[in-house]
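One structure below.
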Amino acid sequence: MNKVICYPRCCTPKYYSDDDYYFEMFTVPEQKINNVGHVGVQLFKELRKSKIAPTVEALDFTIIAMAVVAADKAVLRKKSADGWTRKIELCIYLHDAPKWRQEKRKLEEMLRFLSGDFWVLNINALPESLVPQKKYDLRQQDCICLLSGGMDSLVGAIDLHEEGRNPLFVSQTVRGNAEHQREYAMQFGINNLCQWSNNIKKKGESEISTRARSMVFFAFALLASCGIDCNAQGRKELFVPENGYISLNMPLDPLRTGSLSTKTTHPVYMKAMQEIWNDVGINIDFVLPYKYKTKGEVLMDCKNQDLMKKLIFGSTSCGKYQRKLQHCGVCVPCLVRRAAFLKNNLCDVTEGGYFKENLQCSYSKDVAAAALAVVQLKKNGIESLVKGMLSFAKGEERNLYLGVIERGVLEIGALLREHSVI
């Protein structure tokens, strides 16, 4: 069992074990020890700059999320028994510890699904409040919308604006994406973007799989929601613009099952988080407007085609973009991106191009897996691909998910044929 302790300055440990990982939250630790890092050192400054006064529930969930992502980076998968699945004991300090202890099992199960690891949460009570006392006037925006800098989030922003909505956008500051995030938000108004960073720092090697990374994104959205008013039903809306094919992220071959495929907006994960938030009194509804659409269909149905075509090629899709600040061209997200442009008869002039433009001449496990999936779909039908991956869905919902997976594979198939891969 790998133990990770995440603590604010008021809970500084009296003793540091060489066998554990430590992260000081919101401040840089005074202890210069190799296994002591920090997380969230800019958060309160960024909240003040954005004039957001967080609630206790929002700050507690943010502490949980930042601690989870810190642990996700600290514990190396290659050192686990099977080279992937870890056992992580995470110690955290919360304002309303009794309330969150009631959610302990649900949180652990959600994290098990999200990262593929076994989690044990130790929830301790904070001895003093970390909630800022300064209050601010509520903003005029009427909903929250994630704005990653990707294609779907850009279309989501366009569609909301065309519908007459006034969203407050939330972005994680990511290398290579920050400028486009600001550019996109500015298309729809001013003072409408909360662009924050979790600032995780640790010494030594870090785990790069980061399957739990989206938790901080949702925590930031929750914090931002503290700055807007409720609707007539006493709730707030959080729009998560992600196409259904990528949300489901069905493994293209048997070697990518489980957490080997990311689940950052998977329906099971979204449902689990919605239930936890409801339980603790967070009155926010997740809205996934594109959950039954492919990426190609998201572009096709965009409500302002001219604006979409003007901005879309600066968006980021690649799972490896931050390594070279260029789309690789051959990972699954890149294949889905390129297939979406092809479906819409758009000349793909992605900024910076693709590191590997020609799919036929580029060796890629993802391209090979995609080709295999396309052939299997044609030969044996969609059920042969899905197998048990939709066991969470029943009836009409399952049929809708089946449809989006099939159409998504067909979009990729058209791209592969274009490049003479199949």
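We name chains A, B, ... following the order of the structure tokens; residues begin at 1 in each chain, and ligands are numbered from 1 as shown.
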
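The residues of range 74-120 of chain A that DSSP classifies as alpha helix (DSSP H), using the backbone of this structure, are A:Ala74, A:Ala97, A:Pro98, A:Lys99, A:Trp100, A:Arg101, A:Lys104, A:Arg105, A:Lys106, A:Leu107, A:Glu108, A:Glu109, A:Met110, A:Leu111, A:Arg112, A:Phe113, A:Leu114, A:Ser115.
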
Store the residues of this selection in a file with all heavy atoms, as a compact mmCIF listing (two decimals), in the first residue's frame.
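Dumped everything to again.txt:
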```txt
# COMPACT_ATOMS: atom_id res chain seq x y z
N ALA A 74 2.17 10.96 -7.88
CA ALA A 74 3.27 10.57 -7.00
C ALA A 74 3.60 9.08 -7.07
O ALA A 74 4.77 8.69 -7.05
CB ALA A 74 2.94 10.96 -5.56
N ALA A 97 -15.61 16.94 7.87
CA ALA A 97 -15.15 15.55 7.75
C ALA A 97 -16.28 14.53 7.94
O ALA A 97 -16.37 13.55 7.17
CB ALA A 97 -14.01 15.29 8.74
N PRO A 98 -17.17 14.70 8.92
CA PRO A 98 -18.24 13.70 9.10
C PRO A 98 -19.12 13.54 7.85
O PRO A 98 -19.48 12.43 7.47
CB PRO A 98 -19.04 14.25 10.28
CG PRO A 98 -18.06 15.07 11.05
CD PRO A 98 -17.20 15.71 10.01
N LYS A 99 -19.44 14.66 7.20
CA LYS A 99 -20.29 14.59 6.00
C LYS A 99 -19.59 13.80 4.90
O LYS A 99 -20.20 12.96 4.23
CB LYS A 99 -20.61 16.01 5.51
CG LYS A 99 -21.46 16.03 4.24
CD LYS A 99 -21.57 17.44 3.68
CE LYS A 99 -22.49 18.31 4.49
NZ LYS A 99 -22.72 19.64 3.87
N TRP A 100 -18.30 14.07 4.69
CA TRP A 100 -17.58 13.40 3.62
C TRP A 100 -17.24 11.96 3.96
O TRP A 100 -17.11 11.13 3.06
CB TRP A 100 -16.32 14.18 3.26
CG TRP A 100 -16.64 15.44 2.51
CD1 TRP A 100 -16.72 16.71 3.01
CD2 TRP A 100 -16.98 15.55 1.12
NE1 TRP A 100 -17.07 17.60 2.02
CE2 TRP A 100 -17.24 16.92 0.86
CE3 TRP A 100 -17.09 14.64 0.08
CZ2 TRP A 100 -17.60 17.38 -0.41
CZ3 TRP A 100 -17.45 15.09 -1.18
CH2 TRP A 100 -17.70 16.45 -1.43
N ARG A 101 -17.14 11.64 5.25
CA ARG A 101 -16.92 10.23 5.63
C ARG A 101 -18.10 9.37 5.22
O ARG A 101 -17.95 8.19 4.90
CB ARG A 101 -16.67 10.11 7.14
CG ARG A 101 -15.30 10.60 7.58
CD ARG A 101 -15.00 10.20 9.01
NE ARG A 101 -13.83 10.94 9.51
CZ ARG A 101 -13.87 11.86 10.47
NH1 ARG A 101 -15.04 12.15 11.06
NH2 ARG A 101 -12.78 12.48 10.86
N LYS A 104 -17.42 8.15 1.80
CA LYS A 104 -16.13 7.49 1.63
C LYS A 104 -16.21 6.30 0.67
O LYS A 104 -15.41 6.19 -0.27
CB LYS A 104 -15.63 7.02 3.01
CG LYS A 104 -14.39 6.13 2.99
CD LYS A 104 -14.02 5.75 4.42
CE LYS A 104 -13.16 4.50 4.46
NZ LYS A 104 -11.83 4.69 3.86
N ARG A 105 -17.19 5.45 0.86
CA ARG A 105 -17.30 4.27 -0.01
C ARG A 105 -17.57 4.68 -1.45
O ARG A 105 -16.96 4.14 -2.38
CB ARG A 105 -18.41 3.34 0.50
CG ARG A 105 -18.60 2.07 -0.34
CD ARG A 105 -19.77 1.24 0.14
NE ARG A 105 -21.01 1.99 0.11
CZ ARG A 105 -21.75 2.18 -0.98
NH1 ARG A 105 -21.35 1.68 -2.14
NH2 ARG A 105 -22.88 2.87 -0.92
N LYS A 106 -18.49 5.63 -1.65
CA LYS A 106 -18.80 6.08 -3.01
C LYS A 106 -17.58 6.73 -3.67
O LYS A 106 -17.32 6.53 -4.86
CB LYS A 106 -19.97 7.05 -3.00
CG LYS A 106 -21.32 6.40 -2.72
CD LYS A 106 -22.46 7.41 -2.85
CE LYS A 106 -23.81 6.75 -2.60
NZ LYS A 106 -24.92 7.73 -2.72
N LEU A 107 -16.85 7.52 -2.91
CA LEU A 107 -15.65 8.16 -3.45
C LEU A 107 -14.61 7.12 -3.85
O LEU A 107 -14.01 7.20 -4.93
CB LEU A 107 -15.05 9.12 -2.41
CG LEU A 107 -15.75 10.47 -2.24
CD1 LEU A 107 -15.29 11.14 -0.95
CD2 LEU A 107 -15.48 11.38 -3.43
N GLU A 108 -14.40 6.12 -3.00
CA GLU A 108 -13.41 5.09 -3.29
C GLU A 108 -13.81 4.27 -4.52
O GLU A 108 -12.97 3.93 -5.35
CB GLU A 108 -13.23 4.18 -2.07
CG GLU A 108 -12.52 4.88 -0.90
CD GLU A 108 -12.58 4.08 0.39
OE1 GLU A 108 -13.35 3.10 0.48
OE2 GLU A 108 -11.84 4.44 1.32
N GLU A 109 -15.11 3.98 -4.65
CA GLU A 109 -15.58 3.23 -5.82
C GLU A 109 -15.44 4.07 -7.09
O GLU A 109 -15.07 3.55 -8.15
CB GLU A 109 -17.03 2.80 -5.61
CG GLU A 109 -17.20 1.70 -4.57
CD GLU A 109 -18.66 1.34 -4.33
OE1 GLU A 109 -19.54 2.04 -4.90
OE2 GLU A 109 -18.92 0.39 -3.57
N MET A 110 -15.74 5.36 -7.00
CA MET A 110 -15.61 6.24 -8.16
C MET A 110 -14.15 6.31 -8.60
O MET A 110 -13.84 6.23 -9.79
CB MET A 110 -16.11 7.65 -7.82
CG MET A 110 -16.02 8.63 -8.98
SD MET A 110 -16.63 10.28 -8.56
CE MET A 110 -15.23 10.90 -7.59
N LEU A 111 -13.24 6.42 -7.64
CA LEU A 111 -11.81 6.49 -7.97
C LEU A 111 -11.31 5.16 -8.52
O LEU A 111 -10.45 5.14 -9.41
CB LEU A 111 -11.01 6.89 -6.73
CG LEU A 111 -11.24 8.33 -6.25
CD1 LEU A 111 -10.55 8.55 -4.90
CD2 LEU A 111 -10.71 9.33 -7.26
N ARG A 112 -11.84 4.08 -8.00
CA ARG A 112 -11.48 2.75 -8.53
C ARG A 112 -11.83 2.66 -10.01
O ARG A 112 -11.04 2.18 -10.83
CB ARG A 112 -12.22 1.67 -7.74
CG ARG A 112 -12.16 0.26 -8.33
CD ARG A 112 -10.82 -0.37 -8.17
NE ARG A 112 -10.81 -1.73 -8.67
CZ ARG A 112 -9.84 -2.28 -9.38
NH1 ARG A 112 -8.77 -1.57 -9.69
NH2 ARG A 112 -9.89 -3.52 -9.77
N PHE A 113 -13.03 3.14 -10.36
CA PHE A 113 -13.45 3.12 -11.76
C PHE A 113 -12.61 4.08 -12.60
O PHE A 113 -12.19 3.75 -13.71
CB PHE A 113 -14.93 3.51 -11.86
CG PHE A 113 -15.44 3.58 -13.28
CD1 PHE A 113 -15.83 2.43 -13.95
CD2 PHE A 113 -15.50 4.79 -13.95
CE1 PHE A 113 -16.28 2.49 -15.26
CE2 PHE A 113 -15.95 4.86 -15.26
CZ PHE A 113 -16.34 3.70 -15.92
N LEU A 114 -12.34 5.26 -12.06
CA LEU A 114 -11.67 6.30 -12.82
C LEU A 114 -10.21 5.97 -13.12
O LEU A 114 -9.75 6.11 -14.26
CB LEU A 114 -11.75 7.63 -12.06
CG LEU A 114 -11.10 8.85 -12.70
CD1 LEU A 114 -11.77 9.19 -14.04
CD2 LEU A 114 -11.18 10.05 -11.75
N SER A 115 -9.48 5.53 -12.11
CA SER A 115 -8.03 5.33 -12.29
C SER A 115 -7.62 3.87 -12.39
O SER A 115 -6.49 3.56 -12.76
CB SER A 115 -7.26 5.99 -11.14
OG SER A 115 -7.34 5.21 -9.96
```

Would you kindly return, as a count of residues only, each protein, DNA or RNA residue with an atom no farther than 6 Å from any atom of range 125-127 of chain A, considering only C-alpha atoms and excluding same-chain residues fewer than 2 positions away?
4

Env of range 180-183 of chain A: 6 Å cut, atoms = only C-alpha atoms, seq-sep filter 3 positions within chain, self excluded. Answer as an mmCIF file with C-alpha atoms, in the first residue's frame.
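Printed below is part-v5.cif as written:
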```
data_model
loop_
_atom_site.group_PDB
_atom_site.id
_atom_site.type_symbol
_atom_site.label_atom_id
_atom_site.label_comp_id
_atom_site.auth_asym_id
_atom_site.auth_seq_id
_atom_site.Cartn_x
_atom_site.Cartn_y
_atom_site.Cartn_z
ATOM 1 C CA GLY A 149 -9.356 24.347 -25.579
ATOM 2 C CA ASN A 177 -3.559 25.655 -24.445
ATOM 3 C CA MET A 186 -13.263 36.408 -25.502
#
```

Name the residues of range 28-274 of chain A that fall into strand (DSSP E) according to DSSP on the backbone, using the chain letters and numbers of this document, as a ChimeraX atom specification.
/A:36-39,87-94,118-125,143-146,167-172,193-196,236-239

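You can rank A:Gln172, A:Asn243, A:Thr264, A:Ser129 by their closest distance to Cys194 in chain A using only C-alpha atoms, and at the top of that list sits A:Gln172.
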
Skip range 358-375 of chain A itself and residues of its chain fewer than 3 positions away, then list as a VMD selection string all residues within 8 Å of it, counting only C-alpha atoms.
chain A and resid 252 to 253 329 to 332 335 378 to 379 385 409 to 410 412 to 413 416 419 to 422

Which neighbours of range 205-220 of chain A fall inside 6 Å, counting only C-alpha atoms, when residues of the same chain fewer than 5 positions from it are skipped, and could you give them as a PyMOL selection string?
chain A and resi 62+65-66+69+72-74+76+115+264

Using only C-alpha atoms, determine which residues lie at most 12 Å from Arg337 in chain A, disregarding the query and same-chain residues fewer than 2 positions distant; provide the list as a ChimeraX atom specification.
/A:150-152,243,245-246,294-299,312-313,315-319,327-335,339-344,346,348-350,354,408,411-412,415

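Nearest to Ala224 in chain A of all the residues A:Met25, A:Leu402, A:Ile88, A:Ile52 is A:Ile52, based on only C-alpha atoms.
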
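In this structure, CA of Gln140 in chain A sits 23.4 Å away from CA of Thr173 in chain A.
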
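Using only C-alpha atoms, the contacts of Lys3 in chain A at a cut-off of 10 Å, with sequence neighbours closer than 4 positions omitted, comprise Ser17, Asp19, Asp20, Tyr21, Tyr22, Ala71, Ala74, Val75, Lys87, Ile88, Glu89, Leu90, Cys91 and Val120 of chain A.
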
How many Å separate CA of Gly40 in chain A from CA of Asn198 in chain A?
4.7 Å

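Using only C-alpha atoms for every distance, the candidate list A:His38, A:Lys303, A:Lys263, A:Lys51 yields A:Lys51 as the residue closest to Leu223 in chain A.
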